[in-house]
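These notes concern the structure reproduced below.
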Amino acid sequence: MMQVKEVSPYYIRSLFYNVISIFMENKKVCGEYEKEITDISTMLSQQLSSTQMIDLIKKFYGLFVREKEENQVKEDEWMKQVRHYIEMHAGESSLSLVEVSEHIGMSATWFSTLFKEKGGCSFKEYVDMIRLEKARELLVNAEDTIEIIAEKVGYNSSYSFTRFFKKYTGVTPNAYRLMKKDKDGRE
């Protein structure tokens, strides 16, 4: 059985002030919740009981939770805008990480990191996925040549497109088209 030592009030108060100072160092929260910070600062200048200290920590924690939730909504909206831009421009062979990062006003390195963190895959993987889905759709529903489909999904050459398509599907675009048409003909 574990023994619990008596902790001095000085130690508890010191720990409390360390926790509060960590919260106060976050200037973003301090700027947006100035009234709450002022109220808390006033309380800090008083002699506080352990209950009051716990209440203050809970109040700070509540401010940080609210800030985190607001940031999550902003991040979700940011990802929606980025994905929409990529989907609208995926058919352009010039679409690049640098282009998209400049469009949203961010460095390419930071954009790449943030995109992977929030999107769950790299920028290139996402663009490839969008292009592959569009290619599959066009191969089944359009009578366009492979060269035209390649251009529509952002490839300058049918050779590059065929290599890309086979890498992800295991078959060439022509074979995929024939398989889908055979399957639809049998159903």
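If you're wondering about the labels, chains in the structure tokens are A, B, ... by order shown, residues count from 1 in each chain, ligands from 1 in order shown.
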
Which residues in region 33-175 of chain A does DSSP call alpha helix (DSSP H)? List them as a VMD selection string.
-> chain A and resid 34 to 44 50 to 89 97 to 104 108 to 119 123 to 141 146 to 152 158 to 169 173 to 175

Residue neighbourhood region 111-114 of chain A, 12 Å, only C-alpha atoms, exclusion window fewer than 5 positions, as a JSON list (two decimals) with N, CA and C atoms, in the first residue's frame:
```json
[["chain", "number", "residue", "atom", "x", "y", "z"],
["A", 75, "GLU", "N", -10.10, 25.39, -38.02],
["A", 75, "GLU", "CA", -9.28, 24.43, -38.76],
["A", 75, "GLU", "C", -10.13, 23.59, -39.71],
["A", 76, "ASP", "N", -11.31, 23.18, -39.26],
["A", 76, "ASP", "CA", -12.20, 22.40, -40.11],
["A", 76, "ASP", "C", -12.62, 23.22, -41.33],
["A", 78, "TRP", "N", -10.92, 25.71, -42.63],
["A", 78, "TRP", "CA", -9.71, 25.87, -43.44],
["A", 78, "TRP", "C", -9.52, 24.65, -44.34],
["A", 79, "MET", "N", -9.65, 23.44, -43.77],
["A", 79, "MET", "CA", -9.48, 22.21, -44.56],
["A", 79, "MET", "C", -10.54, 22.12, -45.64],
["A", 82, "VAL", "N", -9.46, 24.41, -48.47],
["A", 82, "VAL", "CA", -8.30, 23.87, -49.18],
["A", 82, "VAL", "C", -8.74, 22.71, -50.07],
["A", 96, "SER", "N", -0.02, 22.52, -57.83],
["A", 96, "SER", "CA", 1.13, 22.13, -57.00],
["A", 96, "SER", "C", 0.90, 22.57, -55.57],
["A", 97, "LEU", "N", 1.67, 21.99, -54.69],
["A", 97, "LEU", "CA", 1.62, 22.35, -53.28],
["A", 97, "LEU", "C", 1.95, 23.84, -53.12],
["A", 98, "VAL", "N", 2.93, 24.32, -53.85],
["A", 98, "VAL", "CA", 3.33, 25.73, -53.78],
["A", 98, "VAL", "C", 2.18, 26.63, -54.22],
["A", 99, "GLU", "N", 1.51, 26.27, -55.30],
["A", 99, "GLU", "CA", 0.38, 27.08, -55.79],
["A", 99, "GLU", "C", -0.73, 27.17, -54.75],
["A", 100, "VAL", "N", -1.09, 26.05, -54.16],
["A", 100, "VAL", "CA", -2.18, 26.03, -53.18],
["A", 100, "VAL", "C", -1.75, 26.79, -51.92],
["A", 101, "SER", "N", -0.52, 26.58, -51.48],
["A", 101, "SER", "CA", -0.07, 27.28, -50.27],
["A", 101, "SER", "C", -0.03, 28.79, -50.49],
["A", 102, "GLU", "N", 0.38, 29.23, -51.68],
["A", 102, "GLU", "CA", 0.37, 30.66, -51.99],
["A", 102, "GLU", "C", -1.06, 31.19, -52.05],
["A", 103, "HIS", "N", -1.96, 30.39, -52.59],
["A", 103, "HIS", "CA", -3.37, 30.79, -52.68],
["A", 103, "HIS", "C", -3.96, 31.09, -51.31],
["A", 104, "ILE", "N", -3.58, 30.29, -50.31],
["A", 104, "ILE", "CA", -4.13, 30.52, -48.98],
["A", 104, "ILE", "C", -3.21, 31.35, -48.09],
["A", 105, "GLY", "N", -2.07, 31.78, -48.62],
["A", 105, "GLY", "CA", -1.19, 32.69, -47.89],
["A", 105, "GLY", "C", -0.36, 32.02, -46.80],
["A", 106, "MET", "N", 0.25, 30.91, -47.14],
["A", 106, "MET", "CA", 1.01, 30.16, -46.15],
["A", 106, "MET", "C", 2.29, 29.64, -46.83],
["A", 119, "GLY", "N", -5.35, 16.56, -42.57],
["A", 119, "GLY", "CA", -6.02, 15.78, -43.61],
["A", 119, "GLY", "C", -5.77, 14.28, -43.54],
["A", 120, "GLY", "N", -4.75, 13.88, -42.81],
["A", 120, "GLY", "CA", -4.47, 12.47, -42.67],
["A", 120, "GLY", "C", -3.66, 11.85, -43.80],
["A", 121, "CYS", "N", -3.33, 12.63, -44.82],
["A", 121, "CYS", "CA", -2.49, 12.14, -45.91],
["A", 121, "CYS", "C", -1.72, 13.34, -46.46],
["A", 122, "SER", "N", -0.72, 13.05, -47.27],
["A", 122, "SER", "CA", 0.07, 14.15, -47.84],
["A", 122, "SER", "C", -0.74, 14.85, -48.94],
["A", 123, "PHE", "N", -0.28, 16.03, -49.31],
["A", 123, "PHE", "CA", -0.90, 16.80, -50.38],
["A", 123, "PHE", "C", -0.93, 15.99, -51.66],
["A", 124, "LYS", "N", 0.20, 15.39, -52.02],
["A", 124, "LYS", "CA", 0.29, 14.60, -53.26],
["A", 124, "LYS", "C", -0.68, 13.42, -53.23],
["A", 125, "GLU", "N", -0.73, 12.72, -52.12],
["A", 125, "GLU", "CA", -1.65, 11.58, -52.01],
["A", 125, "GLU", "C", -3.10, 12.03, -52.20],
["A", 126, "TYR", "N", -3.44, 13.18, -51.63],
["A", 126, "TYR", "CA", -4.82, 13.68, -51.76],
["A", 126, "TYR", "C", -5.12, 14.05, -53.22]]
```

For CA of Ser93 (chain A) and CA of Ala175 (chain A), determine how far apart the two atoms are, in Å to one decimal place.
->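 Those two atoms sit 23.9 Å apart.
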
Name the residues in contact with region 127-133 of chain A at a cut-off of 7 Å, using only C-alpha atoms, excluding same-chain residues fewer than 3 positions from it; report them as a PDB file with C-alpha atoms, in the first residue's frame.
```
ATOM      1  CA  GLU A  87     -10.955  19.620 -56.222  1.00  0.00           C
ATOM      2  CA  ALA A  90      -7.202  18.966 -59.847  1.00  0.00           C
ATOM      3  CA  PHE A 123      -0.904  16.802 -50.376  1.00  0.00           C
ATOM      4  CA  LYS A 124       0.287  14.600 -53.261  1.00  0.00           C
ATOM      5  CA  ARG A 136     -12.438   6.247 -62.998  1.00  0.00           C
ATOM      6  CA  GLU A 137     -15.632   8.208 -63.471  1.00  0.00           C
ATOM      7  CA  VAL A 153      -7.397  14.866 -64.781  1.00  0.00           C
ATOM      8  CA  PHE A 165      -3.507   4.778 -63.119  1.00  0.00           C
TER       9      PHE A 165
END
```
